[in-house]
$ cat input.cif   # mmCIF, C-alpha atoms and all ligand atoms
data_target
loop_
_atom_site.label_atom_id
_atom_site.label_comp_id
_atom_site.auth_asym_id
_atom_site.auth_seq_id
_atom_site.Cartn_x
_atom_site.Cartn_y
_atom_site.Cartn_z
CA MET P 44 0.00 0.00 0.00
CA TYR P 45 1.20 3.53 0.61
CA ALA P 46 3.11 1.81 3.37
CA GLN P 47 4.51 -1.41 1.95
CA MET P 48 6.47 -4.07 3.77
CA VAL P 49 6.83 -2.09 6.94
CA GLU P 50 9.11 -3.93 9.29
CA SER P 51 7.96 -4.15 12.85
CA THR P 52 10.39 -3.78 15.69
CA ALA P 53 10.08 -6.30 18.47
CA SER P 54 9.84 -4.99 21.99
CA ASP P 55 11.99 -5.89 24.94
CA ASP P 56 9.85 -3.95 27.37
CA ASP P 57 8.60 -5.16 30.72
CA PRO P 58 6.15 -8.05 30.01
CA GLU P 59 3.62 -6.77 32.51
CA LYS P 60 3.49 -3.35 30.85
CA LEU P 61 3.28 -5.00 27.44
CA ALA P 62 0.33 -7.12 28.52
CA ALA P 63 -1.49 -4.10 29.92
CA PHE P 64 -0.81 -2.21 26.69
CA GLN P 65 -2.11 -5.09 24.59
CA ALA P 66 -5.21 -5.28 26.77
CA ARG P 67 -5.96 -1.63 26.06
CA ILE P 68 -5.68 -2.25 22.34
CA ASP P 69 -7.82 -5.38 22.54
CA ALA P 70 -10.45 -3.37 24.40
CA GLY P 71 -10.53 -0.94 21.48
CA GLU P 72 -9.00 1.95 23.40
CA LYS P 73 -7.02 4.50 21.42
CA ILE P 74 -3.37 5.00 22.31
CA GLU P 75 -2.51 8.69 22.60
CA PRO P 76 0.90 10.40 22.29
CA LYS P 77 1.60 10.80 25.99
CA ASP P 78 0.55 7.25 26.88
CA TRP P 79 3.14 4.61 27.59
CA MET P 80 3.81 2.50 24.51
CA PRO P 81 6.32 -0.21 23.65
CA GLU P 82 9.36 1.07 21.81
CA GLY P 83 8.58 -1.33 18.97
CA TYR P 84 5.08 0.07 18.57
CA ARG P 85 6.47 3.58 18.39
CA LYS P 86 9.22 2.75 15.91
CA THR P 87 6.98 0.67 13.67
CA LEU P 88 4.42 3.44 13.57
CA ILE P 89 7.02 6.06 12.69
CA ARG P 90 8.13 3.89 9.78
CA GLN P 91 4.59 3.18 8.64
CA ILE P 92 3.11 6.67 9.01
CA GLY P 93 6.29 8.26 7.66
CA GLN P 94 6.22 6.03 4.61
CA HIS P 95 2.58 6.82 4.09
CA ALA P 96 3.25 10.57 4.38
CA HIS P 97 6.15 10.40 1.94
CA SER P 98 3.92 8.54 -0.51
CA GLU P 99 1.33 11.30 -0.42
CA ILE P 100 4.01 13.88 -1.17
CA VAL P 101 5.96 11.97 -3.81
CA GLY P 102 2.61 10.89 -5.25
CA GLN P 103 2.00 14.49 -6.28
CA LEU P 104 4.79 14.27 -8.85
CA PRO P 105 3.31 11.89 -11.44
CA GLU P 106 0.05 13.84 -11.41
CA GLY P 107 1.74 17.22 -11.21
CA ASN P 108 3.29 16.33 -14.54
CA TRP P 109 -0.13 16.86 -16.15
CA ILE P 110 -1.36 20.00 -14.41
CA THR P 111 -0.01 22.23 -17.15
CA ARG P 112 -1.15 19.81 -19.86
CA ALA P 113 -4.69 19.03 -18.74
CA PRO P 114 -7.01 19.12 -21.75
CA THR P 115 -9.40 21.78 -20.42
CA LEU P 116 -9.33 24.53 -17.85
CA GLU P 117 -11.88 22.63 -15.76
CA ARG P 118 -9.78 19.46 -15.79
CA LYS P 119 -6.77 21.52 -14.82
CA ALA P 120 -8.60 23.07 -11.87
CA ILE P 121 -9.85 19.66 -10.75
CA LEU P 122 -6.42 18.06 -10.98
CA LEU P 123 -4.88 20.96 -9.12
CA ALA P 124 -7.41 20.53 -6.32
CA LYS P 125 -6.74 16.80 -6.21
CA VAL P 126 -2.99 17.24 -6.01
CA GLN P 127 -3.44 19.91 -3.34
CA ASP P 128 -5.47 17.40 -1.30
CA GLU P 129 -2.54 14.98 -1.51
CA ALA P 130 -0.25 17.65 -0.07
CA GLY P 131 -2.76 17.97 2.76
CA HIS P 132 -2.74 14.20 3.29
CA GLY P 133 1.01 14.29 3.57
CA LEU P 134 0.77 17.04 6.17
CA TYR P 135 -1.86 15.28 8.30
CA LEU P 136 0.32 12.19 8.35
CA TYR P 137 3.60 13.96 9.07
CA CYS P 138 1.90 15.62 12.03
CA ALA P 139 0.68 12.24 13.28
CA ALA P 140 4.21 10.83 13.01
CA GLU P 141 5.65 13.85 14.79
CA THR P 142 3.61 13.03 17.88
CA LEU P 143 5.82 9.94 18.19
CA GLY P 144 8.93 12.01 18.73
CA VAL P 145 10.41 12.33 15.26
CA SER P 146 10.67 15.75 13.65
CA ARG P 147 9.39 16.68 10.20
CA ASP P 148 12.87 17.58 9.03
CA GLU P 149 14.28 14.28 10.25
CA MET P 150 11.66 12.40 8.27
CA THR P 151 12.33 14.47 5.17
CA GLU P 152 16.04 13.90 5.48
CA MET P 153 15.55 10.16 5.93
CA LEU P 154 13.49 10.09 2.73
CA LEU P 155 16.07 12.08 0.80
CA GLU P 156 18.90 9.88 2.05
CA GLY P 157 16.97 6.76 1.03
CA ARG P 158 16.54 5.59 4.61
CA MET P 159 12.75 5.81 4.37
CA LYS P 160 10.59 4.56 1.55
CA TYR P 161 7.47 5.63 -0.31
CA SER P 162 5.02 3.52 -2.27
CA SER P 163 6.33 1.69 -5.33
CA ILE P 164 3.40 2.94 -7.42
CA PHE P 165 4.76 6.46 -7.75
CA ASN P 166 7.82 5.26 -9.62
CA TYR P 167 5.85 4.70 -12.79
CA PRO P 168 5.61 7.44 -15.42
CA THR P 169 2.42 9.22 -16.50
CA VAL P 170 2.82 9.32 -20.25
CA THR P 171 -0.69 10.21 -21.42
CA TRP P 172 -3.68 12.08 -20.03
CA ALA P 173 -5.47 8.73 -19.62
CA ASP P 174 -2.87 7.85 -16.99
CA ILE P 175 -4.32 10.59 -14.79
CA GLY P 176 -7.69 8.85 -15.10
CA ALA P 177 -6.14 5.48 -14.32
CA ILE P 178 -4.35 6.84 -11.27
CA GLY P 179 -7.50 8.33 -9.75
CA TRP P 180 -9.51 5.23 -10.51
CA LEU P 181 -6.98 2.53 -9.63
CA VAL P 182 -4.34 4.07 -7.38
CA ASP P 183 -6.66 6.17 -5.26
CA GLY P 184 -9.13 3.29 -5.41
CA ALA P 185 -6.50 0.93 -3.99
CA ALA P 186 -5.49 3.53 -1.41
CA ILE P 187 -9.09 3.80 -0.21
CA MET P 188 -9.27 0.02 0.26
CA ASN P 189 -6.34 0.25 2.63
CA GLN P 190 -7.23 3.50 4.35
CA VAL P 191 -10.83 2.79 5.24
CA PRO P 192 -9.96 0.02 7.74
CA LEU P 193 -7.03 2.08 9.05
CA GLN P 194 -9.50 4.63 10.38
CA ARG P 195 -9.90 2.11 13.21
CA THR P 196 -6.18 1.85 13.92
CA SER P 197 -5.15 1.89 17.57
CA TYR P 198 -3.00 5.03 17.47
CA GLY P 199 -5.26 8.06 17.97
CA PRO P 200 -3.44 10.66 15.84
CA TYR P 201 -3.03 8.16 12.97
CA SER P 202 -6.67 7.18 13.14
CA ARG P 203 -7.79 10.81 13.06
CA ALA P 204 -5.54 11.55 10.08
CA MET P 205 -7.01 8.56 8.27
CA ILE P 206 -10.55 9.75 8.95
CA ARG P 207 -9.80 13.14 7.39
CA ILE P 208 -8.08 11.53 4.44
CA CYS P 209 -10.89 9.09 3.75
CA LYS P 210 -13.37 11.95 3.59
CA GLU P 211 -11.40 13.41 0.71
CA GLU P 212 -10.48 10.30 -1.26
CA SER P 213 -13.82 9.62 -2.85
CA PHE P 214 -13.47 12.78 -4.94
CA HIS P 215 -10.08 11.54 -6.11
CA MET P 216 -11.35 8.22 -7.30
CA ARG P 217 -14.42 9.65 -8.94
CA GLN P 218 -12.54 12.33 -10.87
CA GLY P 219 -10.28 9.56 -12.16
CA PHE P 220 -13.16 7.35 -13.19
CA ASP P 221 -14.81 10.35 -14.83
CA ILE P 222 -11.71 10.85 -16.99
CA MET P 223 -11.73 7.14 -17.85
CA MET P 224 -15.41 7.32 -18.86
CA LYS P 225 -14.72 10.28 -21.12
CA MET P 226 -11.77 8.53 -22.75
CA ALA P 227 -13.43 5.13 -23.04
CA ASN P 228 -16.46 6.68 -24.71
CA GLY P 229 -14.44 9.03 -26.88
CA SER P 230 -12.71 8.54 -30.20
CA ARG P 231 -10.98 5.27 -31.03
CA GLU P 232 -7.68 6.85 -30.23
CA GLN P 233 -8.94 8.01 -26.83
CA LYS P 234 -10.29 4.58 -26.05
CA ARG P 235 -6.96 3.06 -27.02
CA MET P 236 -5.22 5.44 -24.62
CA ALA P 237 -7.60 4.45 -21.83
CA GLN P 238 -6.90 0.76 -22.44
CA ASP P 239 -3.18 1.40 -22.59
CA ALA P 240 -3.27 3.24 -19.26
CA LEU P 241 -5.17 0.35 -17.66
CA ASN P 242 -2.66 -2.10 -19.12
CA ARG P 243 0.27 -0.25 -17.59
CA PHE P 244 -1.27 0.58 -14.21
CA TRP P 245 -3.06 -2.69 -13.47
CA TYR P 246 -0.21 -4.75 -12.06
CA PRO P 247 1.57 -1.87 -10.33
CA SER P 248 -1.77 -1.17 -8.62
CA LEU P 249 -1.99 -4.78 -7.42
CA MET P 250 1.55 -4.43 -6.08
CA MET P 251 0.48 -1.51 -3.92
CA PHE P 252 -0.92 -3.96 -1.37
CA GLY P 253 2.46 -5.63 -1.00
CA PRO P 254 3.30 -9.33 -1.30
CA SER P 255 1.23 -11.95 0.45
CA ASP P 256 1.73 -11.69 4.20
CA GLY P 257 2.16 -15.44 4.51
CA ASP P 258 3.40 -15.93 8.01
CA SER P 259 5.34 -12.69 8.23
CA VAL P 260 6.15 -11.87 11.84
CA HIS P 261 5.94 -8.18 10.98
CA SER P 262 2.37 -8.50 9.81
CA SER P 263 1.16 -10.50 12.78
CA GLN P 264 2.77 -8.12 15.27
CA SER P 265 1.30 -5.12 13.46
CA MET P 266 -2.10 -6.79 13.37
CA ALA P 267 -1.99 -7.49 17.10
CA TRP P 268 -1.19 -3.82 17.64
CA LYS P 269 -3.97 -2.82 15.24
CA ILE P 270 -1.71 -0.73 13.10
CA LYS P 271 -2.43 -3.11 10.27
CA ILE P 272 -6.06 -4.15 10.04
CA SER P 273 -6.44 -6.38 6.99
CA SER P 274 -4.04 -8.74 5.25
CA ASN P 275 -2.48 -7.73 1.95
CA ASP P 276 -4.19 -10.54 0.06
CA GLU P 277 -7.55 -9.75 1.55
CA LEU P 278 -7.33 -6.13 0.40
CA ARG P 279 -6.01 -7.08 -3.02
CA GLN P 280 -8.91 -9.47 -3.54
CA LYS P 281 -11.39 -6.80 -2.53
CA PHE P 282 -9.77 -4.36 -4.92
CA VAL P 283 -9.96 -6.78 -7.85
CA ASP P 284 -13.57 -7.65 -7.08
CA GLN P 285 -14.49 -3.98 -7.01
CA THR P 286 -12.51 -3.00 -10.09
CA VAL P 287 -13.37 -5.72 -12.62
CA PRO P 288 -17.04 -4.69 -12.97
CA GLN P 289 -15.93 -1.07 -13.32
CA ALA P 290 -13.60 -2.04 -16.16
CA ASP P 291 -16.50 -3.94 -17.73
CA TYR P 292 -18.62 -0.83 -17.44
CA LEU P 293 -15.93 1.12 -19.27
CA ASP P 294 -15.72 -1.67 -21.82
CA LEU P 295 -12.01 -1.97 -21.10
CA LYS P 296 -10.16 -5.23 -20.66
CA ILE P 297 -8.17 -6.10 -17.54
CA PRO P 298 -4.78 -7.26 -18.89
CA ASP P 299 -4.98 -10.69 -17.27
CA PRO P 300 -5.89 -13.78 -19.32
CA GLU P 301 -6.30 -15.78 -16.10
CA LEU P 302 -8.93 -13.46 -14.69
CA LYS P 303 -12.19 -15.29 -14.06
CA TRP P 304 -15.07 -15.35 -11.61
CA ASN P 305 -14.79 -18.03 -8.97
CA GLN P 306 -18.25 -18.92 -7.75
CA ASP P 307 -16.97 -20.87 -4.72
CA LYS P 308 -15.01 -18.06 -3.20
CA GLY P 309 -17.38 -15.39 -4.46
CA GLY P 310 -14.53 -13.42 -5.99
CA TYR P 311 -12.29 -13.31 -9.01
CA ASP P 312 -9.26 -15.48 -9.59
CA PHE P 313 -6.45 -13.36 -10.99
CA SER P 314 -2.75 -13.41 -11.75
CA GLU P 315 -0.21 -12.20 -9.25
CA PRO P 316 1.92 -9.26 -10.32
CA ASP P 317 5.59 -9.81 -11.02
CA TRP P 318 7.04 -9.60 -7.53
CA SER P 319 10.60 -9.36 -8.75
CA GLU P 320 9.62 -6.11 -10.45
CA PHE P 321 8.08 -4.92 -7.19
CA HIS P 322 11.26 -5.62 -5.24
CA ALA P 323 13.37 -3.94 -7.90
CA VAL P 324 11.19 -0.81 -7.75
CA LEU P 325 11.32 -0.72 -3.95
CA LYS P 326 15.10 -0.99 -4.14
CA GLY P 327 15.20 2.10 -6.31
CA ASN P 328 15.32 0.55 -9.76
CA GLY P 329 11.87 1.46 -11.08
CA PRO P 330 11.40 3.59 -14.17
CA CYS P 331 11.14 6.90 -12.27
CA ASN P 332 12.81 6.38 -8.89
CA SER P 333 15.74 8.62 -9.59
CA ASP P 334 13.54 11.36 -11.14
CA ARG P 335 11.28 11.35 -8.11
CA MET P 336 14.14 11.59 -5.65
CA LYS P 337 15.86 14.28 -7.70
CA ALA P 338 12.66 16.33 -7.70
CA ARG P 339 12.25 15.98 -3.92
CA ILE P 340 15.90 16.82 -3.22
CA ARG P 341 15.72 19.85 -5.47
CA ALA P 342 12.53 21.08 -3.81
CA TRP P 343 14.13 20.65 -0.39
CA GLU P 344 17.37 22.37 -1.29
CA ASP P 345 15.90 25.15 -3.40
CA GLY P 346 13.39 25.85 -0.66
CA ARG P 347 15.96 26.18 2.10
CA TRP P 348 16.47 29.94 1.75
CA VAL P 349 12.71 30.45 1.86
CA ARG P 350 12.32 28.37 5.01
CA ASP P 351 15.27 30.06 6.69
CA GLY P 352 14.30 33.53 5.51
CA LEU P 353 10.74 33.28 6.78
CA MET P 354 11.95 31.94 10.10
CA ALA P 355 14.47 34.78 10.47
CA HIS P 356 11.76 37.29 9.58
CA ALA P 357 9.38 35.81 12.16
CA GLN P 358 12.07 35.92 14.85
CA LYS P 359 12.95 39.50 14.03
CA LYS P 360 9.29 40.52 14.14
CA ALA P 361 8.80 38.74 17.47
CA ALA P 362 11.90 40.42 18.91
CA GLY P 363 10.65 43.81 17.74
CA LYS P 364 7.35 43.21 19.48
CA VAL P 365 9.04 42.32 22.76
CA ALA P 366 11.22 45.45 22.54
CA ALA P 367 8.15 47.62 21.93
CA GLU P 368 6.31 46.29 25.00
CA MET E 247 -2.21 17.62 20.74
CA SER E 248 0.62 16.96 18.44
CA ASP E 249 3.60 18.16 20.37
CA ASN E 250 3.29 15.70 23.20
CA GLY E 251 6.30 13.62 23.92
CA ARG E 252 8.53 15.61 21.61
CA ASP E 253 11.86 16.58 22.92
CA SER E 254 13.50 19.64 21.47
CA SER E 255 15.98 18.13 19.10
CA VAL E 256 18.51 20.02 17.05
CA HIS E 257 15.93 20.25 14.33
CA GLU E 258 13.66 22.38 16.45
CA ARG E 259 15.83 25.42 16.01
CA ARG E 260 15.73 25.38 12.24
CA GLU E 261 12.28 23.95 11.83
CA TRP E 262 9.26 26.20 11.68
CA PRO E 263 7.46 25.78 14.99
CA LEU E 264 4.41 23.57 15.31
CA TRP E 265 0.96 25.13 15.75
CA GLU E 266 -2.28 23.56 16.88
CA ILE E 267 -5.28 24.52 14.80
CA PHE E 268 -8.81 25.03 16.07
CA ILE E 269 -11.72 25.65 13.75
CA ARG E 270 -15.30 26.69 14.30
CA GLY E 271 -17.71 25.53 11.66
CA MET E 272 -20.66 27.35 10.24
CA HIS E 273 -23.23 26.04 12.68
CA GLY E 274 -22.16 27.75 15.85
CA LEU E 275 -20.42 24.87 17.60
CA ASN E 276 -17.26 25.44 19.64
CA HIS E 277 -13.88 25.72 18.02
CA ARG E 278 -12.59 22.21 17.65
CA HIS E 279 -9.03 20.95 17.43
CA VAL E 280 -8.52 19.71 13.88
CA GLY E 281 -4.80 19.07 13.74
CA SER E 282 -1.49 20.83 13.58
CA LEU E 283 0.95 22.33 11.11
CA HIS E 284 4.28 24.11 10.87
CA ALA E 285 4.56 27.83 10.21
CA ALA E 286 7.10 30.55 10.87
CA ASP E 287 4.58 32.89 12.52
CA ALA E 288 0.92 33.21 13.43
CA GLU E 289 -0.01 34.88 10.18
CA MET E 290 1.43 32.06 8.15
CA ALA E 291 -0.10 29.49 10.48
CA MET E 292 -3.47 31.07 9.78
CA LYS E 293 -3.02 30.97 6.01
CA ASN E 294 -1.70 27.43 6.08
CA ALA E 295 -4.59 26.38 8.32
CA ARG E 296 -6.99 27.80 5.78
CA ASP E 297 -5.31 25.82 3.00
CA VAL E 298 -4.85 22.61 4.93
CA TYR E 299 -7.98 22.41 7.06
CA THR E 300 -10.74 24.40 5.33
CA ARG E 301 -10.52 23.32 1.71
CA ARG E 302 -14.17 22.29 1.78
CA ASN E 303 -15.84 25.06 3.77
CA GLU E 304 -15.16 23.33 7.06
CA GLY E 305 -14.82 26.55 8.97
CA VAL E 306 -15.64 30.21 9.41
CA SER E 307 -13.21 30.93 12.24
CA ILE E 308 -9.66 29.75 12.90
CA TRP E 309 -7.57 29.85 16.06
CA VAL E 310 -3.88 29.02 15.95
CA VAL E 311 -1.82 28.35 19.07
CA LYS E 312 1.84 27.43 19.29
CA SER E 313 1.93 23.81 20.41
CA ARG E 314 4.46 24.52 23.10
CA HIS E 315 2.05 26.91 24.78
CA ILE E 316 -0.45 24.18 25.44
CA ALA E 317 -0.44 22.56 28.85
CA ALA E 318 -1.96 19.09 28.74
CA SER E 319 -3.16 16.77 31.49
CA SER E 320 -1.04 13.73 31.92
CA PRO E 321 -2.38 10.27 31.10
CA SER E 322 -0.90 8.77 34.27
CA ASP E 323 -3.37 10.60 36.48
CA LYS E 324 -6.29 9.53 34.31
CA GLY E 325 -7.88 7.73 37.25
CA PRO E 326 -7.43 10.03 40.26
CA PHE E 327 -7.78 13.24 38.26
CA TYR E 328 -11.31 12.44 37.16
CA GLU E 329 -12.33 10.67 40.36
CA PRO E 330 -14.48 13.55 41.69
CA SER E 331 -16.89 13.11 38.79
CA ARG E 332 -16.95 9.34 38.82
CA SER E 333 -18.40 9.14 42.30
CA LYS E 334 -21.29 11.50 41.62
CA ALA E 335 -23.78 9.49 39.65
CA TYR E 336 -26.54 11.83 40.81
CA ARG E 337 -25.24 14.45 38.41
CA HIS E 338 -26.85 12.47 35.63
CA PRO E 339 -30.59 12.83 35.09
CA THR E 340 -30.99 9.06 34.78
CA PHE E 341 -30.10 8.75 38.47
CA PHE E 342 -33.67 9.76 39.36
CA ASP E 343 -36.66 7.53 38.78
CA ILE E 344 -39.50 9.83 37.85
CA PRO E 345 -42.85 8.17 37.19
CA GLU E 346 -44.12 8.50 33.67
CA GLU E 347 -47.34 10.11 34.91
CA ALA E 348 -45.29 13.14 35.95
CA GLY E 349 -44.72 13.99 32.32
CA ALA E 350 -41.63 15.06 30.42
CA MET E 351 -38.72 16.55 32.35
FE FE N 1 -4.01 10.80 -0.53
FE FE N 2 -5.93 10.53 -3.13
#

$ encode --input "input.cif" --output "structure tokens" --more "lines below"
Ligand SMILES: [Fe+2]
Ligand SMILES: [Fe+2]
Amino acid sequence: MYAQMVESTASDDDPEKLAAFQARIDAGEKIEPKDWMPEGYRKTLIRQIGQHAHSEIVGQLPEGNWITRAPTLERKAILLAKVQDEAGHGLYLYCAAETLGVSRDEMTEMLLEGRMKYSSIFNYPTVTWADIGAIGWLVDGAAIMNQVPLQRTSYGPYSRAMIRICKEESFHMRQGFDIMMKMANGSREQKRMAQDALNRFWYPSLMMFGPSDGDSVHSSQSMAWKIKISSNDELRQKFVDQTVPQADYLDLKIPDPELKWNQDKGGYDFSEPDWSEFHAVLKGNGPCNSDRMKARIRAWEDGRWVRDGLMAHAQKKAAGKVAAE
Amino acid sequence: MSDNGRDSSVHERREWPLWEIFIRGMHGLNHRHVGSLHAADAEMAMKNARDVYTRRNEGVSIWVVKSRHIAASSPSDKGPFYEPSRSKAYRHPTFFDIPEEAGAM
């Protein structure tokens, strides 16, 4: 998902405290910043929320690529609003992570030094306008699948950030589907572009949920802590079941010859994505990894004088005020 | 509150300070804490709050407060701190059995 393959850190805290903590979570209580928490819980959450926040921010880049090229002024305004929402999502999440004792700048620096990750999906290029439709429909659609259950996560600030985010995501998905409808019902060339976008984004979207949890210790610890709510396979299945009828509606073909309805399980059977590609992208070898990082590093470095200047101005103004009193 | 548990690391000096944002919606309810953000000064905090927390008409009034100016109760005295209210069930209307014949009250 936006947070993929988050490693959990085991705790070597006092077993009695751990048991009491687990009991609070089992009782559905929210854990708040000042509460005692196992070191592993704290560290795992920083990784997970940080990765999620970075994904929101880096995720603006592939879409930002089309703001100046949107086909109409209305589409441009809509896309701008959508991308602005993603900046907001990043901010809500950074703030949630900061309550765990990591600073915003530290997180940014960890991202820029490659010590923190962001979702694999944002390392794919957006080569046509139809890709913007496919991203809203598939990528935001997949994100919603993951984020809706996370509204119930045990960490209060994270849960509240997720609630805000979920309120805004439906617009994202619908504007994407709306673009897909336009393209799929347009000229032959437009329809071909829509199909091509689906072809390229289908498997990367399935990868967003991460590989099967199997018996990953990280997943089971995170599930016990309620910072992961559903298994990767469960979410992926739900996503496929939701998306196939939508593709049918668009009269587009999911690029999977193995895709078929399975009456017994009440869901579709489908092909797994190429997990070696997923691991390569996570390692930094996807089509756009280096572009994305370059863009983030440039934004950070070029913005330094603005950040410092505004801070200096604020301090000078505050000092002036004190002197005047 | 978002600042809880944060120690002032080296970053604090360079980083824009953290502000807590409170917003009152259109329908006359109290200002409500909606989240936090970084800004160099109050004016910027206000503008950022507008952009981050009122993109869909969520508010008609914004308060911004530097996070470090907020004093918060501590979770460890959760029990004793609220004890005075726990032992006074009679503060709740349901404590009293009023016969139905007496009418609404
Ligand atoms: Fe988002
Ligand atoms: Fe989104």

$ atom_distance --input "input.cif" --atom1 "atom CA of P:Ala227" --atom2 "atom CA of P:Cys331"
26.9 Å

$ closest_residue --input "input.cif" --among "P:Lys73, P:Asp294, P:Ile272, P:Gln94" --to "P:Arg158" --atoms "only C-alpha atoms"
P:Gln94

$ interface_residues --input "input.cif" --of "chain P" --to "chain E" --cutoff "10 Å" --atoms "all atoms listed in the file" --output "ChimeraX atom specification"
/P:75-79,124,127-128,130-132,134-135,137-149,200,203-204,207,211,350-358,360-361

$ residues_around --input "input.cif" --residues "P:Val283" --least-positions-apart "3" --cutoff "10 Å" --atoms "all atoms listed in the file" --output "JSON, numbers by chain"
{"P": [181, 185, 245, 248, 249, 278, 279, 280, 286, 287, 288, 289, 297, 302, 310, 311, 312, 313]}

$ atom_distance --input "input.cif" --atom1 "atom CA of P:Gly157" --atom2 "atom CA of P:Val324"
13.0 Å

$ residues_around --input "input.cif" --residues "P:Pro105" --least-positions-apart "4" --cutoff "8 Å" --atoms "only C-alpha atoms" --output "JSON, numbers by chain"
{"P": [109, 165, 167, 168, 169]}

$ write_last_selection --input "input.cif" --atoms "C-alpha atoms" --output "JSON list (two decimals), keeping the file's coordinate frame"
[["chain", "number", "residue", "atom", "x", "y", "z"],
["P", 109, "TRP", "CA", -0.13, 16.86, -16.15],
["P", 165, "PHE", "CA", 4.76, 6.46, -7.75],
["P", 167, "TYR", "CA", 5.85, 4.70, -12.79],
["P", 168, "PRO", "CA", 5.61, 7.44, -15.42],
["P", 169, "THR", "CA", 2.42, 9.22, -16.50]]

$ closest_atom_pairs --input "input.cif" --of "chain P" --to "ligand FE 2 (chain N)" --cutoff "9 Å" --atoms "all atoms listed in the file" --output "Markdown table"
| residue | atom | partner | partner_atom | distance |
| --- | --- | --- | --- | --- |
| P:Glu99 | CA | N:FE2 | FE | 7.8 |
| P:Gly102 | CA | N:FE2 | FE | 8.8 |
| P:Lys125 | CA | N:FE2 | FE | 7.0 |
| P:Val126 | CA | N:FE2 | FE | 7.9 |
| P:Asp128 | CA | N:FE2 | FE | 7.1 |
| P:Glu129 | CA | N:FE2 | FE | 5.8 |
| P:His132 | CA | N:FE2 | FE | 8.1 |
| P:Gly179 | CA | N:FE2 | FE | 7.2 |
| P:Val182 | CA | N:FE2 | FE | 7.9 |
| P:Asp183 | CA | N:FE2 | FE | 4.9 |
| P:Gly184 | CA | N:FE2 | FE | 8.2 |
| P:Ala186 | CA | N:FE2 | FE | 7.2 |
| P:Ile187 | CA | N:FE2 | FE | 8.0 |
| P:Ile208 | CA | N:FE2 | FE | 7.9 |
| P:Cys209 | CA | N:FE2 | FE | 8.6 |
| P:Glu211 | CA | N:FE2 | FE | 7.3 |
| P:Glu212 | CA | N:FE2 | FE | 4.9 |
| P:Ser213 | CA | N:FE2 | FE | 7.9 |
| P:Phe214 | CA | N:FE2 | FE | 8.1 |
| P:His215 | CA | N:FE2 | FE | 5.2 |
| P:Met216 | CA | N:FE2 | FE | 7.2 |

$ atom_distance --input "input.cif" --atom1 "atom CA of E:Ile308" --atom2 "atom CA of E:Met272"
11.6 Å

$ residues_around --input "input.cif" --residues "P:Asp256" --least-positions-apart "4" --cutoff "7 Å" --atoms "only C-alpha atoms" --output "list in words"
Ser262, Ser274 and Asn275 of chain P

$ closest_residue --input "input.cif" --among "P:Gln238, P:Gln103, P:Ser314, P:Ser255" --to "ligand FE 1 (chain N)" --atoms "all atoms listed in the file"
P:Gln103
